[in-house]
$ cat coords.cif   # mmCIF, C-alpha atoms
data_my_file
#
loop_
_atom_site.group_PDB
_atom_site.id
_atom_site.type_symbol
_atom_site.label_atom_id
_atom_site.label_comp_id
_atom_site.auth_asym_id
_atom_site.auth_seq_id
_atom_site.Cartn_x
_atom_site.Cartn_y
_atom_site.Cartn_z
ATOM 1 C CA MET V 1 23.771 19.757 24.386
ATOM 2 C CA ILE V 2 20.249 21.192 24.631
ATOM 3 C CA SER V 3 18.099 19.546 27.279
ATOM 4 C CA LYS V 4 14.490 18.513 26.701
ATOM 5 C CA LYS V 5 13.224 21.147 29.135
ATOM 6 C CA GLN V 6 15.189 23.853 27.404
ATOM 7 C CA SER V 7 14.235 22.793 23.887
ATOM 8 C CA SER V 8 10.525 22.038 24.341
ATOM 9 C CA PRO V 9 9.246 25.672 24.198
ATOM 10 C CA GLU V 10 11.290 26.344 21.062
ATOM 11 C CA ILE V 11 10.051 23.151 19.418
ATOM 12 C CA TRP V 12 6.409 23.937 20.190
ATOM 13 C CA LYS V 13 6.841 27.458 18.863
ATOM 14 C CA ALA V 14 8.587 26.228 15.712
ATOM 15 C CA LEU V 15 5.952 23.584 14.966
ATOM 16 C CA SER V 16 2.884 25.580 15.999
ATOM 17 C CA ASN V 17 2.579 26.890 12.442
ATOM 18 C CA GLN V 18 1.388 24.616 9.595
ATOM 19 C CA ILE V 19 3.790 26.216 7.094
ATOM 20 C CA ARG V 20 6.760 25.428 9.331
ATOM 21 C CA ARG V 21 5.559 21.844 9.787
ATOM 22 C CA ASP V 22 5.314 21.548 6.002
ATOM 23 C CA LEU V 23 8.798 23.052 5.680
ATOM 24 C CA LEU V 24 10.218 20.546 8.135
ATOM 25 C CA CYS V 25 8.555 17.651 6.283
ATOM 26 C CA PHE V 26 9.782 18.924 2.912
ATOM 27 C CA ILE V 27 13.370 19.115 4.161
ATOM 28 C CA GLY V 28 12.986 15.728 5.872
ATOM 29 C CA GLU V 29 11.688 14.057 2.728
ATOM 30 C CA GLY V 30 14.441 15.564 0.568
ATOM 31 C CA LYS V 31 17.156 14.877 3.195
ATOM 32 C CA ILE V 32 19.096 17.917 2.000
ATOM 33 C CA VAL V 33 17.595 20.779 -0.039
ATOM 34 C CA SER V 34 18.620 24.205 -1.286
ATOM 35 C CA PHE V 35 16.869 27.506 -0.588
ATOM 36 C CA THR V 36 15.823 27.662 -4.244
ATOM 37 C CA GLU V 37 14.137 24.252 -4.010
ATOM 38 C CA ILE V 38 12.268 25.384 -0.908
ATOM 39 C CA GLN V 39 11.211 28.656 -2.552
ATOM 40 C CA ASN V 40 10.005 26.835 -5.676
ATOM 41 C CA ARG V 41 7.971 24.481 -3.527
ATOM 42 C CA PHE V 42 6.319 27.046 -1.227
ATOM 43 C CA GLN V 43 6.094 30.057 -3.552
ATOM 44 C CA MET V 44 6.324 32.764 -0.864
ATOM 45 C CA LYS V 45 8.275 35.977 -0.389
ATOM 46 C CA VAL V 46 11.955 35.598 0.477
ATOM 47 C CA GLY V 47 11.605 37.511 3.742
ATOM 48 C CA THR V 48 8.644 35.406 4.887
ATOM 49 C CA LEU V 49 10.430 32.193 3.988
ATOM 50 C CA TYR V 50 13.574 33.211 5.880
ATOM 51 C CA HIS V 51 11.414 34.067 8.892
ATOM 52 C CA HIS V 52 9.931 30.556 8.972
ATOM 53 C CA LEU V 53 13.338 28.939 8.451
ATOM 54 C CA ASP V 54 14.837 31.032 11.261
ATOM 55 C CA THR V 55 11.935 30.090 13.546
ATOM 56 C CA LEU V 56 12.630 26.398 12.964
ATOM 57 C CA GLY V 57 15.895 27.178 14.782
ATOM 58 C CA PHE V 58 17.944 24.190 15.877
ATOM 59 C CA LEU V 59 15.593 21.752 14.102
ATOM 60 C CA ILE V 60 17.420 22.510 10.863
ATOM 61 C CA SER V 61 20.979 23.372 9.879
ATOM 62 C CA GLN V 62 23.015 24.187 6.770
ATOM 63 C CA ASP V 63 26.003 22.508 5.162
ATOM 64 C CA SER V 64 29.006 24.227 3.555
ATOM 65 C CA THR V 65 26.974 24.954 0.388
ATOM 66 C CA LYS V 66 24.140 26.583 2.406
ATOM 67 C CA ARG V 67 21.739 23.692 1.761
ATOM 68 C CA TYR V 68 19.316 22.783 4.529
ATOM 69 C CA PHE V 69 19.067 19.469 6.395
ATOM 70 C CA LEU V 70 17.460 18.257 9.615
ATOM 71 C CA THR V 71 19.373 18.090 12.870
ATOM 72 C CA GLU V 72 18.856 15.159 15.239
ATOM 73 C CA GLN V 73 16.129 17.135 17.028
ATOM 74 C CA GLY V 74 14.616 17.948 13.640
ATOM 75 C CA LYS V 75 14.629 14.285 12.615
ATOM 76 C CA ARG V 76 12.814 13.321 15.805
ATOM 77 C CA SER V 77 10.231 16.065 15.244
ATOM 78 C CA TYR V 78 9.823 14.977 11.623
ATOM 79 C CA ALA V 79 9.250 11.366 12.725
ATOM 80 C CA LEU V 80 6.556 12.510 15.167
ATOM 81 C CA ILE V 81 4.802 14.530 12.447
ATOM 82 C CA GLU V 82 4.984 11.560 10.062
ATOM 83 C CA ASP V 83 3.447 9.252 12.675
ATOM 84 C CA GLU V 84 0.667 11.753 13.320
ATOM 85 C CA LEU V 85 -0.057 12.000 9.584
ATOM 86 C CA ASP V 86 -0.097 8.231 9.303
ATOM 87 C CA ILE V 87 -2.587 7.854 12.138
ATOM 88 C CA SER V 88 -4.930 10.339 10.485
ATOM 89 C CA ALA V 89 -4.607 8.612 7.104
ATOM 90 C CA PRO V 90 -7.819 6.510 7.153
ATOM 91 C CA SER V 91 -9.967 9.633 7.623
ATOM 92 C CA GLN V 92 -8.356 11.433 4.688
ATOM 93 C CA VAL V 93 -10.146 11.476 1.331
ATOM 94 C CA ALA V 94 -7.342 10.144 -0.838
ATOM 95 C CA TYR V 95 -9.344 10.161 -4.074
ATOM 96 C CA GLY V 96 -10.439 13.800 -3.889
ATOM 97 C CA LYS V 97 -13.533 14.351 -6.041
ATOM 98 C CA PHE V 98 -13.718 10.606 -6.629
ATOM 99 C CA ALA V 99 -14.295 9.815 -2.944
ATOM 100 C CA PHE V 100 -16.959 7.266 -3.925
ATOM 101 C CA LEU V 101 -14.047 4.968 -4.882
ATOM 102 C CA HIS V 102 -13.507 4.375 -1.169
ATOM 103 C CA TYR V 103 -16.813 2.525 -1.140
ATOM 104 C CA ILE V 104 -16.145 0.684 -4.411
ATOM 105 C CA PHE V 105 -12.827 -0.486 -2.962
ATOM 106 C CA LEU V 106 -14.566 -1.658 0.248
ATOM 107 C CA ARG V 107 -13.195 0.771 2.851
ATOM 108 C CA PRO V 108 -16.209 0.161 5.185
ATOM 109 C CA VAL V 109 -15.469 -3.587 5.118
ATOM 110 C CA PHE V 110 -11.809 -3.068 5.991
ATOM 111 C CA LYS V 111 -12.787 -0.669 8.800
ATOM 112 C CA PHE V 112 -15.094 -3.358 10.206
ATOM 113 C CA ILE V 113 -12.234 -5.884 10.132
ATOM 114 C CA LYS V 114 -9.776 -3.439 11.730
ATOM 115 C CA ASN V 115 -12.143 -2.440 14.533
ATOM 116 C CA ASP V 116 -12.967 -6.027 15.486
ATOM 117 C CA PRO V 117 -10.683 -8.605 13.825
ATOM 118 C CA ILE V 118 -11.942 -11.383 16.096
ATOM 119 C CA ARG V 119 -15.648 -10.846 15.387
ATOM 120 C CA SER V 120 -14.993 -10.458 11.652
ATOM 121 C CA LEU V 121 -12.978 -13.685 11.560
ATOM 122 C CA GLY V 122 -16.089 -15.833 11.038
ATOM 123 C CA PHE V 123 -17.137 -13.753 8.039
ATOM 124 C CA THR V 124 -13.728 -13.913 6.347
ATOM 125 C CA LEU V 125 -13.357 -17.656 7.025
ATOM 126 C CA LEU V 126 -16.732 -18.336 5.379
ATOM 127 C CA LEU V 127 -15.694 -16.155 2.442
ATOM 128 C CA PHE V 128 -12.379 -17.983 2.160
ATOM 129 C CA ILE V 129 -14.097 -21.378 2.197
ATOM 130 C CA GLY V 130 -16.476 -20.156 -0.525
ATOM 131 C CA LEU V 131 -13.544 -19.032 -2.672
ATOM 132 C CA LEU V 132 -11.788 -22.379 -2.154
ATOM 133 C CA ILE V 133 -14.900 -24.294 -3.176
ATOM 134 C CA SER V 134 -15.314 -22.172 -6.299
ATOM 135 C CA THR V 135 -11.731 -22.926 -7.403
ATOM 136 C CA TYR V 136 -12.391 -26.649 -6.891
ATOM 137 C CA PHE V 137 -15.579 -26.820 -8.956
ATOM 138 C CA ILE V 138 -14.216 -24.799 -11.875
ATOM 139 C CA SER V 139 -10.805 -26.542 -11.724
ATOM 140 C CA ALA V 140 -9.175 -23.146 -12.013
ATOM 141 C CA VAL V 141 -7.365 -20.794 -9.668
ATOM 142 C CA PRO V 142 -5.653 -17.411 -9.789
ATOM 143 C CA ILE V 143 -1.945 -18.076 -9.412
ATOM 144 C CA PHE V 144 -1.347 -14.742 -7.693
ATOM 145 C CA LEU V 145 -2.580 -12.355 -10.417
ATOM 146 C CA PHE V 146 -3.172 -14.723 -13.348
ATOM 147 C CA PRO V 147 -6.063 -17.216 -13.752
ATOM 148 C CA SER V 148 -5.068 -20.789 -14.624
ATOM 149 C CA PHE V 149 -6.767 -24.120 -15.194
ATOM 150 C CA ILE V 150 -5.442 -26.836 -12.871
ATOM 151 C CA THR V 151 -5.592 -30.619 -12.942
ATOM 152 C CA PRO V 152 -6.458 -32.586 -10.896
ATOM 153 C CA ASP V 153 -9.361 -30.560 -9.454
ATOM 154 C CA PHE V 154 -8.432 -30.898 -5.783
ATOM 155 C CA VAL V 155 -5.085 -29.163 -6.358
ATOM 156 C CA ALA V 156 -6.683 -25.784 -7.166
ATOM 157 C CA PRO V 157 -7.829 -24.964 -3.592
ATOM 158 C CA PHE V 158 -4.388 -25.778 -2.202
ATOM 159 C CA ILE V 159 -2.708 -23.503 -4.729
ATOM 160 C CA PHE V 160 -5.171 -20.740 -3.849
ATOM 161 C CA MET V 161 -4.368 -21.120 -0.136
ATOM 162 C CA ILE V 162 -0.641 -20.933 -0.872
ATOM 163 C CA THR V 163 -0.928 -17.842 -3.091
ATOM 164 C CA THR V 164 -3.109 -16.089 -0.488
ATOM 165 C CA VAL V 165 -0.653 -16.776 2.347
ATOM 166 C CA VAL V 166 2.376 -15.788 0.251
ATOM 167 C CA THR V 167 0.666 -12.535 -0.821
ATOM 168 C CA TYR V 168 -0.034 -11.738 2.832
ATOM 169 C CA LEU V 169 3.540 -12.559 3.904
ATOM 170 C CA ILE V 170 5.038 -10.365 1.155
ATOM 171 C CA CYS V 171 2.739 -7.478 2.106
ATOM 172 C CA GLU V 172 3.419 -7.835 5.834
ATOM 173 C CA ALA V 173 7.180 -8.077 5.293
ATOM 174 C CA LEU V 174 7.295 -4.967 3.099
ATOM 175 C CA LEU V 175 5.250 -2.910 5.562
ATOM 176 C CA SER V 176 7.478 -4.021 8.411
ATOM 177 C CA LEU V 177 10.747 -3.350 6.560
ATOM 178 C CA LEU V 178 9.773 -0.094 4.846
ATOM 179 C CA PHE V 179 7.569 1.584 7.462
ATOM 180 C CA ARG V 180 7.989 -0.457 10.684
ATOM 181 C CA LYS V 181 4.264 -1.274 10.723
ATOM 182 C CA THR V 182 3.892 -4.571 12.573
ATOM 183 C CA SER V 183 0.453 -4.275 14.170
ATOM 184 C CA GLY V 184 -2.840 -5.560 12.763
ATOM 185 C CA LYS V 185 -1.480 -8.863 11.431
ATOM 186 C CA LEU V 186 -4.756 -10.791 11.798
ATOM 187 C CA ALA V 187 -6.763 -7.939 10.275
ATOM 188 C CA LEU V 188 -4.389 -7.696 7.305
ATOM 189 C CA LEU V 189 -4.555 -11.458 6.715
ATOM 190 C CA GLN V 190 -8.358 -11.272 6.607
ATOM 191 C CA SER V 191 -8.151 -8.275 4.278
ATOM 192 C CA VAL V 192 -5.831 -10.131 1.877
ATOM 193 C CA ILE V 193 -8.501 -12.829 1.577
ATOM 194 C CA ILE V 194 -10.991 -10.161 0.486
ATOM 195 C CA VAL V 195 -8.428 -8.635 -1.868
ATOM 196 C CA GLN V 196 -8.379 -11.965 -3.787
ATOM 197 C CA ILE V 197 -12.053 -11.626 -4.826
ATOM 198 C CA PRO V 198 -11.451 -9.789 -8.163
ATOM 199 C CA MET V 199 -8.943 -12.407 -9.352
ATOM 200 C CA VAL V 200 -11.180 -15.333 -8.365
ATOM 201 C CA LEU V 201 -14.088 -13.638 -10.146
ATOM 202 C CA LEU V 202 -11.961 -13.231 -13.290
ATOM 203 C CA THR V 203 -11.009 -16.915 -13.088
ATOM 204 C CA VAL V 204 -14.675 -17.935 -12.832
ATOM 205 C CA ILE V 205 -15.591 -15.765 -15.833
ATOM 206 C CA LEU V 206 -12.807 -17.248 -17.947
ATOM 207 C CA SER V 207 -13.708 -20.792 -16.944
ATOM 208 C CA PHE V 208 -17.243 -20.348 -18.288
ATOM 209 C CA VAL V 209 -16.432 -18.367 -21.409
ATOM 210 C CA PHE V 210 -12.940 -19.162 -22.665
ATOM 211 C CA ASP V 211 -10.783 -22.210 -23.205
ATOM 212 C CA PHE V 212 -7.349 -21.822 -24.720
ATOM 213 C CA THR V 213 -3.773 -22.856 -24.094
ATOM 214 C CA TYR V 214 -1.616 -20.658 -21.915
ATOM 215 C CA PRO V 215 1.036 -18.972 -24.088
ATOM 216 C CA THR V 216 4.667 -19.355 -23.065
ATOM 217 C CA SER V 217 5.437 -15.713 -23.854
ATOM 218 C CA LEU V 218 3.795 -12.513 -22.671
ATOM 219 C CA PHE V 219 3.852 -11.277 -26.272
ATOM 220 C CA GLU V 220 1.542 -14.126 -27.328
ATOM 221 C CA LEU V 221 -1.313 -12.865 -25.133
ATOM 222 C CA ASP V 222 -4.280 -11.386 -27.015
ATOM 223 C CA VAL V 223 -4.971 -7.683 -26.496
ATOM 224 C CA TRP V 224 -8.473 -8.278 -25.108
ATOM 225 C CA PHE V 225 -7.045 -10.671 -22.533
ATOM 226 C CA ILE V 226 -4.365 -8.186 -21.430
ATOM 227 C CA VAL V 227 -7.049 -5.476 -21.035
ATOM 228 C CA LEU V 228 -9.302 -7.822 -19.040
ATOM 229 C CA ILE V 229 -6.495 -8.827 -16.700
ATOM 230 C CA PHE V 230 -5.474 -5.175 -16.297
ATOM 231 C CA ILE V 231 -9.017 -4.174 -15.234
ATOM 232 C CA PHE V 232 -9.312 -6.923 -12.622
ATOM 233 C CA GLN V 233 -5.776 -6.327 -11.370
ATOM 234 C CA LEU V 234 -6.703 -2.657 -10.976
ATOM 235 C CA PHE V 235 -9.489 -3.682 -8.619
ATOM 236 C CA PHE V 236 -7.020 -5.945 -6.802
ATOM 237 C CA VAL V 237 -4.664 -2.985 -6.312
ATOM 238 C CA GLY V 238 -7.538 -0.728 -5.198
ATOM 239 C CA PHE V 239 -8.663 -3.270 -2.592
ATOM 240 C CA LEU V 240 -5.087 -3.744 -1.400
ATOM 241 C CA LEU V 241 -4.508 0.018 -1.119
ATOM 242 C CA GLU V 242 -7.626 0.514 0.989
ATOM 243 C CA ALA V 243 -6.741 -2.449 3.189
ATOM 244 C CA ILE V 244 -3.217 -1.176 3.882
ATOM 245 C CA VAL V 245 -4.330 2.410 4.549
ATOM 246 C CA VAL V 246 -7.062 1.346 6.967
ATOM 247 C CA ILE V 247 -5.433 -1.635 8.691
ATOM 248 C CA LYS V 248 -1.894 -0.273 8.994
ATOM 249 C CA GLU V 249 -2.914 3.408 9.403
ATOM 250 C CA ILE V 250 -0.439 4.817 6.915
ATOM 251 C CA ARG V 251 -0.796 7.483 4.266
ATOM 252 C CA PHE V 252 -2.063 6.764 0.775
ATOM 253 C CA GLU V 253 1.300 7.257 -0.959
ATOM 254 C CA LYS V 254 3.054 4.839 1.412
ATOM 255 C CA ALA V 255 0.327 2.271 0.841
ATOM 256 C CA GLY V 256 0.757 2.845 -2.894
ATOM 257 C CA VAL V 257 4.478 2.092 -2.725
ATOM 258 C CA THR V 258 3.752 -1.128 -0.835
ATOM 259 C CA ALA V 259 0.979 -2.174 -3.228
ATOM 260 C CA LEU V 260 3.190 -1.585 -6.275
ATOM 261 C CA PHE V 261 5.980 -3.691 -4.769
ATOM 262 C CA VAL V 262 3.504 -6.456 -3.928
ATOM 263 C CA VAL V 263 1.999 -6.444 -7.442
ATOM 264 C CA PHE V 264 5.442 -6.480 -9.064
ATOM 265 C CA MET V 265 6.628 -9.383 -6.929
ATOM 266 C CA ILE V 266 3.525 -11.561 -7.289
ATOM 267 C CA ASN V 267 3.279 -10.862 -11.026
ATOM 268 C CA ALA V 268 6.845 -12.124 -11.376
ATOM 269 C CA LEU V 269 6.012 -15.168 -9.259
ATOM 270 C CA SER V 270 2.910 -15.818 -11.408
ATOM 271 C CA PHE V 271 4.880 -16.051 -14.631
ATOM 272 C CA ILE V 272 7.653 -18.111 -13.059
ATOM 273 C CA ILE V 273 5.284 -20.678 -11.511
ATOM 274 C CA MET V 274 2.955 -20.894 -14.524
ATOM 275 C CA ASN V 275 5.837 -21.489 -16.916
ATOM 276 C CA LEU V 276 7.405 -24.073 -14.599
ATOM 277 C CA LEU V 277 4.143 -25.962 -14.241
ATOM 278 C CA GLU V 278 3.205 -25.442 -17.912
ATOM 279 C CA VAL V 279 -0.396 -24.819 -16.881
ATOM 280 C CA SER V 280 -3.100 -23.533 -19.186
ATOM 281 C CA ILE V 281 -5.347 -20.505 -18.865
#

$ encode --input "coords.cif" --output "structure tokens"
Amino acid sequence: MISKKQSSPEIWKALSNQIRRDLLCFIGEGKIVSFTEIQNRFQMKVGTLYHHLDTLGFLISQDSTKRYFLTEQGKRSYALIEDELDISAPSQVAYGKFAFLHYIFLRPVFKFIKNDPIRSLGFTLLLFIGLLISTYFISAVPIFLFPSFITPDFVAPFIFMITTVVTYLICEALLSLLFRKTSGKLALLQSVIIVQIPMVLLTVILSFVFDFTYPTSLFELDVWFIVLIFIFQLFFVGFLLEAIVVIKEIRFEKAGVTALFVVFMINALSFIIMNLLEVSI
């Protein structure tokens, strides 16, 4: 067995180069990869590629078919690199040339909540109360991702509270199970309140403009209504992505996986609950 003192210089040498760190991550993400897959990914000369693979040393190994995989030391190094990438995630420009989307999707607000969740609590509580009052006066509420008219009026705020809490619990559970991210619970709860704004806004718009019976089948929805819901749900997803990246300090693609799972689950819950209650939109 190689001791920590013996292995440390080799590890630092192996990971001192960005290409080798990328190689280690590529092998770690693929679990087991062939030389051809590595060459196709990195597009470098065979000799240079073998040099970097040899330098990774005992961090990687090969199976009987000459495919590469991470050793236990390699897995630990990969985990450290992943954590470091996650921590740097909020400073990364995930949208490239469309960096202005960070502002549209409220990254500064989520940073404020993350940096001081106690001081921001008053702001989010006032916002939450305002959203509850709006659902009461319009007798409508977004049941997760779908706006619905509710009777009697006082029921709407309670449904909104339940959907907000359930959305938060689903998001928190997924982040904990998938990526072991358990910190920032209060900040994420506040962020989920803000994430609800697009759906409440859509509900308000529909309450003033439209009045029709909720169809029992997805195929009965009008095209314009599907497009409208899609646009507002897109903003919901954008807000949720920014919140997860900033609050939980994970990379954009991991936040995307979580957001997609959340949207899938709450969309399913929306249709189930709305059909059970036979509510109208």

$ residues_around --input "coords.cif" --residues "V:Val257" --least-positions-apart "5" --cutoff "12 Å" --atoms "only C-alpha atoms" --output "PyMOL selection string"
chain V and resi 171+174-175+178-179+237+240-241+244-245+250-252+262-264

$ write_last_selection --input "coords.cif" --atoms "C-alpha atoms" --output "PDB file, in the frame of the given file"
ATOM      1  CA  CYS V 171       2.739  -7.478   2.106  1.00  0.00           C
ATOM      2  CA  LEU V 174       7.295  -4.967   3.099  1.00  0.00           C
ATOM      3  CA  LEU V 175       5.250  -2.910   5.562  1.00  0.00           C
ATOM      4  CA  LEU V 178       9.773  -0.094   4.846  1.00  0.00           C
ATOM      5  CA  PHE V 179       7.569   1.584   7.462  1.00  0.00           C
ATOM      6  CA  VAL V 237      -4.664  -2.985  -6.312  1.00  0.00           C
ATOM      7  CA  LEU V 240      -5.087  -3.744  -1.400  1.00  0.00           C
ATOM      8  CA  LEU V 241      -4.508   0.018  -1.119  1.00  0.00           C
ATOM      9  CA  ILE V 244      -3.217  -1.176   3.882  1.00  0.00           C
ATOM     10  CA  VAL V 245      -4.330   2.410   4.549  1.00  0.00           C
ATOM     11  CA  ILE V 250      -0.439   4.817   6.915  1.00  0.00           C
ATOM     12  CA  ARG V 251      -0.796   7.483   4.266  1.00  0.00           C
ATOM     13  CA  PHE V 252      -2.063   6.764   0.775  1.00  0.00           C
ATOM     14  CA  VAL V 262       3.504  -6.456  -3.928  1.00  0.00           C
ATOM     15  CA  VAL V 263       1.999  -6.444  -7.442  1.00  0.00           C
ATOM     16  CA  PHE V 264       5.442  -6.480  -9.064  1.00  0.00           C
TER      17      PHE V 264
END

$ resolve_selection --input "coords.cif" --expression "the PyMOL selection byres ((chain V and resi 77) around 12)" --output "PyMOL selection string"
chain V and resi 7-8+10-12+14-15+20-25+27-28+56+58-60+70-76+78-84

$ atom_distance --input "coords.cif" --atom1 "atom CA of V:Phe137" --atom2 "atom CA of V:Ile193"
18.9 Å

$ closest_residue --input "coords.cif" --among "V:Ile272, V:Ile159, V:Val109, V:Leu49" --to "V:Thr36" --atoms "only C-alpha atoms"
V:Leu49

$ axis_aligned_box --input "coords.cif" --around "stretch 238-252 of chain V" --padding-each-side "6 Å" --output "lines of an AutoDock Vina configuration file"
center_x = -4.6
center_y = 1.9
center_z = 2.1
size_x = 20.2
size_y = 23.2
size_z = 26.6

$ closest_residue --input "coords.cif" --among "V:Thr167, V:Thr258, V:Ser120, V:Gln233" --to "V:Gln190" --atoms "all atoms listed in the file"
V:Ser120

$ atom_distance --input "coords.cif" --atom1 "atom CA of V:Arg180" --atom2 "atom CA of V:Thr163"
23.9 Å

$ atom_distance --input "coords.cif" --atom1 "atom CA of V:Ile231" --atom2 "atom CA of V:Leu260"
15.4 Å

$ resolve_selection --input "coords.cif" --expression "the PyMOL selection byres ((chain V and resi 111) around 12)" --output "PyMOL selection string"
chain V and resi 90-91+102-103+105-110+112-117+120+184+187-188+190-191+242-249

$ residues_around --input "coords.cif" --residues "stretch 200-210 of chain V" --least-positions-apart "3" --cutoff "7 Å" --atoms "all atoms listed in the file" --output "number ranges by chain"
V: 138, 140-142, 147, 196-197, 232

$ resolve_selection --input "coords.cif" --expression "the PyMOL selection byres ((chain V and resi 136) around 9)" --output "MDAnalysis selection string"
chainID V and resid 131:135 137:141 153:157

$ closest_residue --input "coords.cif" --among "V:Phe144, V:Asp54, V:Val166, V:Glu29" --to "V:Ile229" --atoms "all atoms listed in the file"
V:Phe144

$ closest_residue --input "coords.cif" --among "V:Met199, V:Ile273, V:Leu186, V:Leu53" --to "V:Leu121" --atoms "all atoms listed in the file"
V:Leu186
